[in-house]
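Dumped model09.tsv below, it's TSV, C-alpha atoms and all ligand atoms:
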chain	number	residue	atom	x	y	z
A	28	MET	CA	-20.12	-8.94	2.62
A	29	GLU	CA	-16.52	-7.98	1.83
A	30	ARG	CA	-15.33	-7.14	5.31
A	31	PHE	CA	-16.51	-6.84	8.89
A	32	ALA	CA	-17.86	-3.45	9.96
A	33	THR	CA	-15.80	-3.44	13.15
A	34	VAL	CA	-12.92	-5.31	14.75
A	35	GLU	CA	-15.27	-6.34	17.55
A	36	GLU	CA	-17.62	-7.91	15.03
A	37	GLU	CA	-14.82	-10.04	13.58
A	38	LEU	CA	-13.66	-11.03	17.07
A	39	GLY	CA	-17.25	-12.01	17.77
A	40	GLN	CA	-16.96	-14.58	14.97
A	41	LEU	CA	-13.44	-15.82	15.74
A	42	LEU	CA	-13.97	-16.25	19.48
A	43	ARG	CA	-16.46	-17.85	21.85
A	44	PRO	CA	-17.47	-16.82	25.39
A	45	ALA	CA	-14.93	-17.90	28.02
A	46	GLY	CA	-15.21	-21.64	28.60
A	47	GLY	CA	-16.75	-22.15	25.17
A	48	GLY	CA	-13.60	-23.00	23.21
A	49	LEU	CA	-13.98	-26.72	23.69
A	50	TYR	CA	-16.39	-28.51	21.39
A	51	VAL	CA	-18.68	-30.58	23.59
A	52	VAL	CA	-21.81	-32.40	22.48
A	53	SER	CA	-23.08	-34.33	25.49
A	54	THR	CA	-20.22	-35.34	27.80
A	55	GLY	CA	-18.93	-32.18	29.40
A	56	LEU	CA	-21.79	-30.01	28.22
A	57	ALA	CA	-23.39	-29.48	31.64
A	58	GLU	CA	-19.97	-28.74	33.14
A	59	GLN	CA	-19.21	-26.19	30.41
A	60	GLN	CA	-22.58	-24.46	30.86
A	61	LEU	CA	-22.13	-24.28	34.63
A	62	LEU	CA	-18.65	-22.77	34.24
A	63	GLN	CA	-19.96	-20.13	31.85
A	64	GLN	CA	-22.86	-19.28	34.17
A	65	GLN	CA	-20.39	-18.83	37.02
A	66	LEU	CA	-17.89	-16.83	34.97
A	67	TYR	CA	-20.46	-14.42	33.64
A	68	GLY	CA	-22.92	-14.48	36.54
A	69	ALA	CA	-25.48	-15.36	33.89
A	70	ALA	CA	-28.47	-17.66	33.96
A	71	ASN	CA	-28.68	-18.81	30.33
A	72	PRO	CA	-26.85	-18.83	26.98
A	73	GLY	CA	-28.42	-15.52	25.91
A	74	GLU	CA	-27.14	-13.73	29.01
A	75	ILE	CA	-23.72	-15.38	28.63
A	76	ASP	CA	-23.48	-14.17	25.04
A	77	ALA	CA	-24.56	-10.64	25.99
A	78	ALA	CA	-22.01	-10.45	28.83
A	79	TRP	CA	-19.22	-11.68	26.54
A	80	ARG	CA	-20.10	-9.16	23.82
A	81	GLY	CA	-20.14	-6.49	26.50
A	82	ALA	CA	-16.58	-7.50	27.38
A	83	LEU	CA	-15.49	-7.25	23.73
A	84	ALA	CA	-16.95	-3.75	23.65
A	85	ARG	CA	-14.65	-2.72	26.53
A	86	LEU	CA	-11.53	-3.97	24.78
A	87	ARG	CA	-10.34	-0.60	23.53
A	88	SER	CA	-9.82	0.68	27.08
A	89	ALA	CA	-8.37	-2.54	28.55
A	90	LYS	CA	-4.88	-2.80	30.01
A	91	VAL	CA	-4.83	-6.60	30.05
A	92	VAL	CA	-6.71	-8.99	27.83
A	93	ILE	CA	-7.27	-12.62	28.84
A	94	LEU	CA	-7.56	-15.19	26.04
A	95	GLY	CA	-8.11	-18.94	26.40
A	96	ILE	CA	-6.71	-21.31	23.76
A	97	PRO	CA	-7.81	-24.85	24.71
A	98	SER	CA	-5.73	-26.50	21.97
A	99	ASP	CA	-3.93	-29.75	22.71
A	100	VAL	CA	-2.39	-31.34	19.65
A	101	GLY	CA	0.85	-31.96	21.42
A	102	ALA	CA	2.53	-34.76	23.24
A	103	GLY	CA	2.32	-38.37	22.21
A	104	PHE	CA	2.06	-39.93	25.64
A	105	ARG	CA	-0.47	-38.15	27.83
A	106	ARG	CA	-2.66	-35.26	26.78
A	107	GLY	CA	-5.18	-33.11	28.59
A	108	ALA	CA	-4.07	-29.49	28.25
A	109	ASN	CA	-7.34	-28.78	26.41
A	110	GLY	CA	-8.83	-28.78	29.93
A	111	GLY	CA	-6.44	-26.02	31.00
A	112	PRO	CA	-8.35	-22.81	30.29
A	113	GLY	CA	-11.60	-24.04	31.87
A	114	ALA	CA	-9.94	-25.33	35.03
A	115	LEU	CA	-7.70	-22.27	35.33
A	116	ARG	CA	-10.63	-19.90	34.96
A	117	ARG	CA	-12.68	-21.81	37.53
A	118	ALA	CA	-9.87	-21.91	40.07
A	119	TRP	CA	-8.82	-18.31	39.47
A	120	LEU	CA	-12.35	-16.93	39.66
A	121	ALA	CA	-12.87	-18.66	43.00
A	122	SER	CA	-9.89	-16.78	44.45
A	123	ARG	CA	-10.45	-13.52	42.58
A	124	PRO	CA	-14.21	-13.08	42.08
A	125	ASP	CA	-13.81	-9.49	40.85
A	126	LEU	CA	-11.66	-10.63	37.93
A	127	LEU	CA	-14.13	-10.12	35.12
A	128	SER	CA	-15.87	-7.06	36.54
A	129	ARG	CA	-12.71	-4.93	36.68
A	130	GLY	CA	-12.59	-2.33	33.97
A	131	ASP	CA	-8.91	-2.73	33.15
A	132	VAL	CA	-8.99	-6.50	32.56
A	133	VAL	CA	-11.07	-7.86	29.70
A	134	ASP	CA	-11.58	-11.57	29.13
A	135	VAL	CA	-12.22	-11.85	25.40
A	136	GLY	CA	-13.10	-15.53	25.75
A	137	ASP	CA	-11.74	-18.60	24.01
A	138	VAL	CA	-10.39	-19.45	20.62
A	139	PHE	CA	-12.78	-22.15	19.43
A	140	CYS	CA	-10.61	-25.22	18.87
A	141	VAL	CA	-11.37	-27.91	16.34
A	142	PRO	CA	-9.35	-30.59	18.11
A	143	GLN	CA	-7.92	-32.21	14.96
A	144	LEU	CA	-6.46	-28.94	13.66
A	145	LEU	CA	-3.40	-26.89	14.59
A	146	ALA	CA	-2.53	-24.36	11.86
A	147	ASP	CA	-4.22	-23.39	8.61
A	148	ASP	CA	-1.11	-23.95	6.49
A	149	MET	CA	-1.42	-27.68	7.21
A	150	LEU	CA	-4.83	-27.86	5.51
A	151	SER	CA	-6.04	-28.41	1.99
A	152	ALA	CA	-8.25	-25.67	0.57
A	153	SER	CA	-11.28	-27.95	0.62
A	154	GLN	CA	-10.74	-28.90	4.28
A	155	ARG	CA	-10.27	-25.24	5.16
A	156	ASP	CA	-13.51	-24.29	3.41
A	157	ALA	CA	-15.42	-27.16	5.00
A	158	THR	CA	-14.31	-26.17	8.49
A	159	ALA	CA	-14.99	-22.49	7.80
A	160	ALA	CA	-18.55	-23.42	6.81
A	161	ALA	CA	-18.94	-25.28	10.12
A	162	LEU	CA	-17.40	-22.54	12.28
A	163	TYR	CA	-18.86	-19.44	10.61
A	164	PRO	CA	-22.27	-20.41	9.24
A	165	THR	CA	-23.59	-16.84	9.37
A	166	VAL	CA	-20.66	-15.25	7.51
A	167	ALA	CA	-21.17	-14.93	3.76
A	168	GLU	CA	-18.61	-15.61	1.05
A	169	PRO	CA	-16.12	-14.38	0.05
A	170	LEU	CA	-15.43	-13.22	3.58
A	171	ARG	CA	-15.94	-16.64	5.14
A	172	SER	CA	-13.19	-18.38	3.18
A	173	ARG	CA	-10.70	-15.77	4.37
A	174	LEU	CA	-11.32	-16.47	8.05
A	175	PRO	CA	-8.80	-18.71	9.86
A	176	VAL	CA	-10.07	-22.07	11.11
A	177	ALA	CA	-7.25	-23.76	13.05
A	178	PRO	CA	-6.47	-22.75	16.65
A	179	LEU	CA	-3.01	-21.20	16.22
A	180	THR	CA	-4.02	-19.31	13.09
A	181	ILE	CA	-7.20	-18.01	14.72
A	182	ALA	CA	-5.12	-16.90	17.73
A	183	GLU	CA	-2.70	-14.99	15.49
A	184	ARG	CA	-5.54	-13.15	13.77
A	185	VAL	CA	-7.28	-12.45	17.09
A	186	LEU	CA	-4.11	-10.96	18.61
A	187	ASP	CA	-3.46	-8.84	15.50
A	188	LEU	CA	-7.03	-7.52	15.72
A	189	ILE	CA	-6.71	-6.81	19.45
A	190	PHE	CA	-3.44	-4.91	19.00
A	191	SER	CA	-5.00	-2.95	16.12
A	192	ILE	CA	-7.57	-1.36	18.44
A	193	ALA	CA	-5.70	-1.56	21.77
A	194	PRO	CA	-2.02	-1.07	20.90
A	195	ASP	CA	-0.80	-0.96	24.50
A	196	VAL	CA	-2.81	-3.89	25.77
A	197	ARG	CA	-0.94	-6.82	27.31
A	198	PRO	CA	-2.24	-10.33	26.61
A	199	LEU	CA	-2.51	-13.10	29.20
A	200	ILE	CA	-3.01	-16.44	27.49
A	201	LEU	CA	-4.47	-19.56	29.10
A	202	GLY	CA	-3.27	-22.73	27.30
A	203	GLY	CA	-3.45	-25.24	25.87
A	204	ASP	CA	-0.26	-27.03	24.93
A	205	HIS	CA	2.88	-24.95	24.56
A	206	SER	CA	2.38	-24.37	20.83
A	207	VAL	CA	-0.02	-21.56	21.79
A	208	ALA	CA	3.03	-19.43	22.62
A	209	TRP	CA	3.90	-19.25	18.92
A	210	PRO	CA	1.02	-17.00	17.77
A	211	VAL	CA	1.66	-14.76	20.78
A	212	THR	CA	5.33	-14.47	19.85
A	213	THR	CA	4.67	-13.65	16.20
A	214	ALA	CA	1.92	-11.15	17.03
A	215	LEU	CA	4.20	-9.37	19.52
A	216	HIS	CA	7.00	-9.38	16.97
A	217	ARG	CA	4.80	-7.83	14.27
A	218	HIS	CA	3.25	-5.36	16.62
A	219	ARG	CA	6.36	-4.06	18.40
A	220	HIS	CA	8.26	-3.09	15.25
A	221	GLY	CA	11.66	-4.34	16.35
A	222	ASP	CA	11.63	-3.05	19.94
A	223	PRO	CA	13.82	-5.77	21.49
A	224	PHE	CA	11.65	-7.86	23.77
A	225	GLY	CA	12.60	-11.16	25.32
A	226	ILE	CA	10.86	-14.36	26.27
A	227	VAL	CA	11.37	-15.99	29.66
A	228	GLN	CA	10.24	-19.60	29.62
A	229	PRO	CA	9.90	-21.68	32.78
A	230	ASP	CA	10.00	-25.25	31.43
A	231	ALA	CA	11.42	-28.70	32.17
A	232	HIS	CA	11.95	-29.17	28.43
A	233	THR	CA	13.74	-27.10	25.83
A	234	ASP	CA	11.04	-27.14	23.10
A	235	LEU	CA	14.00	-26.49	20.79
A	236	LEU	CA	13.55	-28.95	17.95
A	237	ALA	CA	13.69	-27.34	14.50
A	238	GLU	CA	10.89	-29.68	13.46
A	239	ARG	CA	9.11	-32.73	14.87
A	240	LEU	CA	7.83	-35.43	12.52
A	241	GLY	CA	8.09	-32.85	9.76
A	242	ILE	CA	5.90	-30.34	11.65
A	243	LYS	CA	7.50	-26.92	11.89
A	244	ILE	CA	5.42	-25.34	14.66
A	245	CYS	CA	4.25	-27.42	17.61
A	246	PHE	CA	4.75	-27.72	21.38
A	247	ALA	CA	8.24	-29.19	20.91
A	248	THR	CA	9.56	-26.70	18.33
A	249	TRP	CA	8.10	-23.30	19.10
A	250	SER	CA	11.06	-22.12	21.21
A	251	PHE	CA	13.52	-22.82	18.40
A	252	HIS	CA	11.55	-20.65	16.00
A	253	ALA	CA	10.84	-17.99	18.62
A	254	SER	CA	14.54	-17.65	19.35
A	255	VAL	CA	15.25	-17.26	15.63
A	256	LEU	CA	12.51	-14.64	15.33
A	257	LEU	CA	13.93	-12.71	18.28
A	258	GLY	CA	17.40	-12.78	16.72
A	259	GLY	CA	19.01	-15.20	19.17
A	260	GLU	CA	21.52	-13.51	21.53
A	261	GLY	CA	19.86	-15.17	24.53
A	262	ARG	CA	16.63	-13.20	24.14
A	263	LEU	CA	14.84	-16.47	24.79
A	264	THR	CA	15.70	-17.47	28.35
A	265	GLN	CA	14.71	-20.89	29.67
A	266	VAL	CA	14.51	-21.64	33.39
A	267	GLY	CA	14.06	-25.06	34.99
A	268	ILE	CA	15.41	-27.26	32.17
A	269	ARG	CA	16.04	-30.85	33.30
A	270	ALA	CA	14.40	-33.31	30.89
A	271	THR	CA	16.56	-33.17	27.78
A	272	ARG	CA	18.96	-35.37	25.85
A	273	PHE	CA	21.70	-32.80	25.43
A	274	PRO	CA	23.74	-30.64	27.80
A	275	LYS	CA	23.19	-26.92	28.22
A	276	GLU	CA	26.26	-26.07	26.15
A	277	HIS	CA	24.79	-27.84	23.15
A	278	TRP	CA	21.54	-25.88	23.23
A	279	GLU	CA	23.13	-22.52	23.94
A	280	LYS	CA	25.72	-22.97	21.22
A	281	THR	CA	23.43	-24.33	18.50
A	282	THR	CA	20.28	-22.26	19.10
A	283	GLY	CA	21.32	-18.96	20.71
A	284	VAL	CA	19.06	-19.41	23.74
A	285	LYS	CA	20.13	-18.82	27.34
A	286	GLN	CA	19.39	-21.60	29.82
A	287	PHE	CA	19.22	-21.84	33.59
A	288	TRP	CA	18.88	-25.49	34.51
A	289	ALA	CA	16.73	-26.65	37.43
A	290	GLN	CA	19.64	-28.18	39.31
A	291	ASP	CA	21.56	-24.89	39.30
A	292	VAL	CA	18.50	-23.01	40.54
A	293	ARG	CA	17.99	-25.60	43.32
A	294	ASP	CA	21.66	-25.49	44.33
A	295	ASN	CA	21.86	-21.74	44.55
A	296	PRO	CA	18.55	-19.92	44.13
A	297	GLU	CA	19.87	-16.48	45.12
A	298	ARG	CA	22.68	-16.54	42.59
A	299	SER	CA	20.40	-17.97	39.87
A	300	MET	CA	17.82	-15.22	40.45
A	301	ARG	CA	20.50	-12.57	40.24
A	302	GLU	CA	21.94	-14.02	37.03
A	303	ILE	CA	18.54	-14.49	35.38
A	304	LEU	CA	17.50	-10.90	36.11
A	305	GLU	CA	20.85	-9.46	35.06
A	306	HIS	CA	20.76	-11.38	31.80
A	307	VAL	CA	17.14	-10.60	30.89
A	308	ARG	CA	17.45	-6.91	31.76
A	309	LYS	CA	20.46	-6.68	29.46
A	310	VAL	CA	19.06	-8.50	26.41
A	311	ALA	CA	15.38	-7.50	26.66
A	312	PRO	CA	15.09	-3.82	27.59
A	313	GLY	CA	11.75	-3.64	25.75
A	314	GLY	CA	10.10	-6.04	28.17
A	315	VAL	CA	9.37	-9.72	28.60
A	316	TYR	CA	6.81	-12.21	27.43
A	317	LEU	CA	6.61	-14.76	30.24
A	318	SER	CA	5.73	-18.13	28.68
A	319	ASN	CA	5.16	-20.34	31.68
A	320	ASP	CA	5.05	-24.09	31.12
A	321	ILE	CA	3.71	-25.60	34.35
A	322	ASP	CA	6.11	-28.53	34.05
A	323	GLY	CA	9.03	-26.21	34.77
A	324	THR	CA	7.71	-26.29	38.33
A	325	ASP	CA	8.61	-29.26	40.53
A	326	ALA	CA	6.07	-32.08	40.18
A	327	ALA	CA	5.40	-31.95	43.94
A	328	PHE	CA	3.55	-28.67	43.25
A	329	ALA	CA	2.39	-29.28	39.70
A	330	ASP	CA	1.77	-32.86	38.66
A	331	ALA	CA	-1.40	-32.19	36.65
A	332	CYS	CA	0.36	-32.01	33.32
A	333	GLY	CA	1.39	-34.36	30.53
A	334	THR	CA	5.03	-34.62	31.57
A	335	PRO	CA	5.46	-33.91	35.29
A	336	GLU	CA	9.13	-33.86	36.32
A	337	GLY	CA	10.63	-34.00	39.80
A	338	GLU	CA	13.77	-32.14	40.84
A	339	GLY	CA	12.25	-28.94	39.50
A	340	VAL	CA	11.98	-25.30	40.46
A	341	SER	CA	9.76	-24.21	43.37
A	342	PRO	CA	6.68	-22.03	42.91
A	343	ASP	CA	8.22	-19.53	45.36
A	344	PHE	CA	11.18	-19.05	43.04
A	345	PHE	CA	9.05	-18.56	39.95
A	346	VAL	CA	6.63	-16.18	41.69
A	347	GLU	CA	9.56	-14.06	42.85
A	348	MET	CA	11.05	-14.17	39.36
A	349	ILE	CA	7.77	-12.98	37.84
A	350	GLU	CA	7.57	-10.14	40.39
A	351	GLU	CA	11.13	-9.04	39.71
A	352	LEU	CA	10.74	-9.20	35.94
A	353	SER	CA	7.55	-7.17	36.26
A	354	LYS	CA	9.46	-4.38	37.99
A	355	ASN	CA	12.24	-4.44	35.42
A	356	PRO	CA	12.17	-4.72	32.44
A	357	GLY	CA	8.37	-5.18	32.70
A	358	LEU	CA	5.96	-7.78	31.34
A	359	ILE	CA	4.45	-7.21	27.90
A	360	ALA	CA	2.62	-10.54	27.76
A	361	GLY	CA	2.20	-13.71	29.77
A	362	ASP	CA	0.77	-17.17	29.63
A	363	LEU	CA	0.30	-20.36	31.59
A	364	VAL	CA	0.36	-23.53	29.50
A	365	GLU	CA	0.24	-27.33	29.74
A	366	VAL	CA	-2.00	-27.48	32.82
A	367	ALA	CA	-3.92	-30.74	32.32
A	368	PRO	CA	-6.28	-31.20	35.27
A	369	ALA	CA	-7.55	-34.62	34.18
A	370	LEU	CA	-4.07	-36.15	34.42
A	371	SER	CA	-3.75	-35.93	38.19
A	372	ALA	CA	-5.72	-37.53	41.01
A	373	HIS	CA	-5.24	-34.23	42.88
A	374	PRO	CA	-5.34	-31.42	40.33
A	375	GLU	CA	-6.22	-28.91	43.08
A	376	ARG	CA	-2.54	-28.80	44.11
A	377	THR	CA	-1.46	-27.87	40.59
A	378	LEU	CA	-4.33	-25.39	40.27
A	379	ALA	CA	-3.32	-23.69	43.51
A	380	THR	CA	0.18	-23.27	42.08
A	381	ALA	CA	-1.34	-22.06	38.81
A	382	VAL	CA	-3.45	-19.44	40.58
A	383	ARG	CA	-0.31	-18.07	42.27
A	384	TYR	CA	1.31	-17.73	38.84
A	385	LEU	CA	-1.76	-16.14	37.28
A	386	ASP	CA	-2.04	-13.62	40.13
A	387	ALA	CA	1.64	-12.69	39.89
A	388	THR	CA	1.51	-12.49	36.10
A	389	LEU	CA	-1.65	-10.37	36.06
A	390	ASP	CA	-0.22	-8.01	38.70
A	391	GLY	CA	2.91	-7.72	36.56
A	392	LEU	CA	0.97	-7.03	33.38
A	393	LEU	CA	-1.00	-4.28	35.16
A	394	ARG	CA	2.16	-2.50	36.32
A	395	GLU	CA	3.38	0.67	34.71
A	396	PHE	CA	6.66	0.17	32.91
A	397	PRO	CA	9.82	1.56	34.44
A	398	LYS	CA	11.23	4.62	32.66
A	399	ARG	CA	13.61	3.56	29.92
A	400	PRO	CA	17.00	5.29	29.81
B	501	MN	MN	7.07	-26.27	27.01
Turn the structure described in the file into C-alpha cells.
Ligand SMILES: [Mn+2]
Amino acid sequence: MERFATVEEELGQLLRPAGGGLYVVSTGLAEQQLLQQQLYGAANPGEIDAAWRGALARLRSAKVVILGIPSDVGAGFRRGANGGPGALRRAWLASRPDLLSRGDVVDVGDVFCVPQLLADDMLSASQRDATAAALYPTVAEPLRSRLPVAPLTIAERVLDLIFSIAPDVRPLILGGDHSVAWPVTTALHRHRHGDPFGIVQPDAHTDLLAERLGIKICFATWSFHASVLLGGEGRLTQVGIRATRFPKEHWEKTTGVKQFWAQDVRDNPERSMREILEHVRKVAPGGVYLSNDIDGTDAAFADACGTPEGEGVSPDFFVEMIEELSKNPGLIAGDLVEVAPALSAHPERTLATAVRYLDATLDGLLREFPKRP
C-alpha cells in the first residue's frame, strides 16, 4: 500500500473514537468505556467504532470539528491535563446532549497519545518505527513508517487532512497541556495562505520562552514561536497574565506580543475589554484563534489545573470577550487547555467554568463571519 484511498481512511488510523486517546490497560478502562458508551449512545466497542466512523464520514459538510488531544508532557510540578478531554466531554455532553447528533458539529475523536512522546522530530528512526508498529499494526510498509506517532505531529497531520477536505471548517480542540496549541497554529498558518489571523490567549503565564531545557516546542514556549510565525505586531494577544518573572514591557518589547495583565482587567474591566477588542480587530482582521488556558481564569472558578493562580480574570469577563470576538473579527479556531480534573478536590467547579467557555466558543465558531471591508 503506497497511500490511503481516502482522507477519512487515514484519519481512521491516526485517530481514536472520542475518549479513546488515553492508553489505559486496567485502571481507568471501565471509566473510559462508560464515557464512550455515553458519548456515542452505544452499547459496545463495535457500535462505538461504527458511530465514530459515521462521524468521520460527515466531516466534509461540518462547520465545526471537535478534536481531543489528551497529551500532557508539560509542567514539572503537577500534571493531569491528560484527563482534560474526557472530563470536558463528559461535562459538556451532560449540559448539551445534542452535541454529537447535530449535523454541523463533528467530533472526530481523539489523537491517540503515547504519553512519553511529544513530537516526532525528537525521536530516533528506530523509536519512530517501533511506535508506528504499535500504533498502526494493520498498515503495511512503506506507508506505516510515514505516519506520525507523537501527539503534536499526529495533530498537525490530522488538521492538515481535515482542512484538505473541509477548507472552511473551524476546529475546537480539547487539551491537553498548552503545547497542543502549536499544531493548531501551524496548520492554520499553512492553510490560510497569509490571511492575517490573530491568537487571543487567556493565560496566567506568558508561555514565551524561546526554549525550555533545550526543547523548542512545549507548553512553556509555544506562544513565542506562534508570535514569530504570525509576524509579531501584537497578533498574539495575551489576557490575564500574572505569574511571570518579568514586567509587561519586557515581553512586549522582546517578543512582539500584546499583553493585558490580570490586575489591569480586574481594576477596569470595561476599559480592558474595549482595548482588547480594539487591538485585536486592528491586527487580526482575518479572525481569531482563541487559545484558552484555564489558568488565565481566577483560581476561585478554575482550580483544577496544574498551576492555579488567584487574582485572575473572571469567567464572566472571558465569556463576554469570546462573544465579542466572535462577532468581530470572528473565531476561526478555539481550544480549552490545561484542565486537569484530578488535581482538585472539587473539579466540578472548574468543569462548570469550562462548559461556559466551550459553549461560548462553539457558538462563536458556528457564527457567520462579518463582511470584510
Ligand atoms: Mn498556557
Surroundings of ligand MN 501 (chain B) up to 7 Å, based on only C-alpha atoms and all ligand atoms, as a short mmCIF file (atom, residue, chain, number, x, y, z; two decimals) with C-alpha atoms, keeping the file's coordinate frame:
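The resulting file, pocket.cif, is reproduced below:
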data_model
loop_
_atom_site.label_atom_id
_atom_site.label_comp_id
_atom_site.auth_asym_id
_atom_site.auth_seq_id
_atom_site.Cartn_x
_atom_site.Cartn_y
_atom_site.Cartn_z
CA HIS A 205 2.88 -24.95 24.56
CA ASP A 230 10.00 -25.25 31.43
CA HIS A 232 11.95 -29.17 28.43
CA THR A 233 13.74 -27.10 25.83
CA ASP A 234 11.04 -27.14 23.10
CA PHE A 246 4.75 -27.72 21.38
CA ALA A 247 8.24 -29.19 20.91
CA ASP A 320 5.05 -24.09 31.12
#
Open item on the list: Rounded to one decimal, what separation in Å do you get between atom CA of A:Arg173 and atom CA of A:Pro72?
Closed with: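 Those two atoms sit 28.0 Å apart.
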Open item on the list: List as a ChimeraX atom specification the protein and nucleic acid residues near stretch 290-307 of chain A, meaning an atom at most 7 Å away when all atoms listed in the file are counted, but skip any in the same chain fewer than 5 places from it.
Closed with: /A:340,348,352
Task: atom CA of A:Arg394 to atom CA of A:Pro223, distance in Å rounded to a single decimal - done: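 We find that atom CA of A:Arg394 and atom CA of A:Pro223 lie 19.1 Å from each other.
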TODO: Enter the distance from atom CA of A:Leu38 to atom CA of A:Glu365, in Å, rounded to one decimal.
DONE: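 Going from atom CA of A:Leu38 over to atom CA of A:Glu365, I get 24.9 Å.
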Task: 9 Å contact set for A:Val382, only C-alpha atoms, chain neighbours under 2 positions out, as a list in words - done: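 My reading of the contact set: Leu115, Ala118, Trp119, Ser122, Thr377, Leu378, Ala379, Thr380, Tyr384, Leu385, Asp386 and Ala387 of chain A.
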Residue neighbourhood A:Gly55, 12 Å, only C-alpha atoms, exclusion window fewer than 5 positions, as a PDB file with C-alpha atoms, keeping the file's coordinate frame:
ATOM      1  CA  GLY A  46     -15.210 -21.640  28.600  1.00  0.00           C
ATOM      2  CA  GLY A  47     -16.750 -22.150  25.170  1.00  0.00           C
ATOM      3  CA  LEU A  49     -13.980 -26.720  23.690  1.00  0.00           C
ATOM      4  CA  TYR A  50     -16.390 -28.510  21.390  1.00  0.00           C
ATOM      5  CA  GLN A  60     -22.580 -24.460  30.860  1.00  0.00           C
ATOM      6  CA  LEU A  61     -22.130 -24.280  34.630  1.00  0.00           C
ATOM      7  CA  LEU A  62     -18.650 -22.770  34.240  1.00  0.00           C
ATOM      8  CA  GLY A 110      -8.830 -28.780  29.930  1.00  0.00           C
ATOM      9  CA  GLY A 113     -11.600 -24.040  31.870  1.00  0.00           C
TER      10      GLY A 113
END
Open item on the list: Given all atoms listed in the file as the basis, pick out the residue of A:Arg43, A:Arg239, A:Arg80, A:Lys285 nearest to A:Ser254.
Closed with: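 Using all atoms listed in the file, the shortest distance to A:Ser254 belongs to A:Lys285.
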TODO: Can you pull out every residue within 8 Å of A:Ile189, counting all atoms listed in the file, but drop anything in the same chain fewer than 5 positions away, and send it as a list in words?
DONE: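 Skipping anything fewer than 5 positions along the chain leaves Val34, Leu86, Pro194 and Val196 of chain A.
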TODO: Tell me which of A:Val310, A:Leu94, A:Ile349, A:Ala102 sits closest to A:Thr248, counting all atoms listed in the file.
DONE: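 The shortest atom-to-atom distance to A:Thr248 comes from A:Ala102.
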Tell me, as a compact mmCIF listing (two decimals) with C-alpha atoms, keeping the file's coordinate frame, which residues lie within 12 Å of A:Ile192, counting all atoms listed in the file; anything in the same chain fewer than 4 positions away does not count.
# COMPACT_ATOMS: atom_id res chain seq x y z
CA THR A 33 -15.80 -3.44 13.15
CA VAL A 34 -12.92 -5.31 14.75
CA GLU A 35 -15.27 -6.34 17.55
CA LEU A 38 -13.66 -11.03 17.07
CA LEU A 83 -15.49 -7.25 23.73
CA ALA A 84 -16.95 -3.75 23.65
CA ARG A 85 -14.65 -2.72 26.53
CA LEU A 86 -11.53 -3.97 24.78
CA ARG A 87 -10.34 -0.60 23.53
CA SER A 88 -9.82 0.68 27.08
CA ALA A 89 -8.37 -2.54 28.55
CA LYS A 90 -4.88 -2.80 30.01
CA VAL A 185 -7.28 -12.45 17.09
CA LEU A 186 -4.11 -10.96 18.61
CA ASP A 187 -3.46 -8.84 15.50
CA LEU A 188 -7.03 -7.52 15.72
CA VAL A 196 -2.81 -3.89 25.77
CA HIS A 218 3.25 -5.36 16.62
Task: Residue nearest A:Arg123 among A:Val227, A:Cys245, A:Phe287, A:Leu66 (counting all atoms listed in the file) - done: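 Distance minimum relative to A:Arg123 lands on A:Leu66.
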Task: Selected residue, from A:Ile96, A:Ala78, A:Ala193, A:Val166, that lies nearest to A:Leu145 when counting only C-alpha atoms - done: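 Looking only at the distances to A:Leu145, the closest residue turns out to be A:Ile96.
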Open item on the list: Which residue is closest to A:Ala381? Choose from A:Leu236, A:Ala167, A:Ala331, A:Ala360 and count all atoms listed in the file.
Closed with: A:Ala331
Task: Nearest candidate to A:Val284 (options A:Arg117, A:Ile226, A:Ser318, A:Ile242; using all atoms listed in the file) - done: A:Ile226
Open item on the list: From (6.6, -21.0, 37.9), in the file's coordinates, out to 6 Å: which residues are reached, counting only C-alpha atoms? Answer as a ChimeraX atom specification.
Closed with: /A:324,342,345
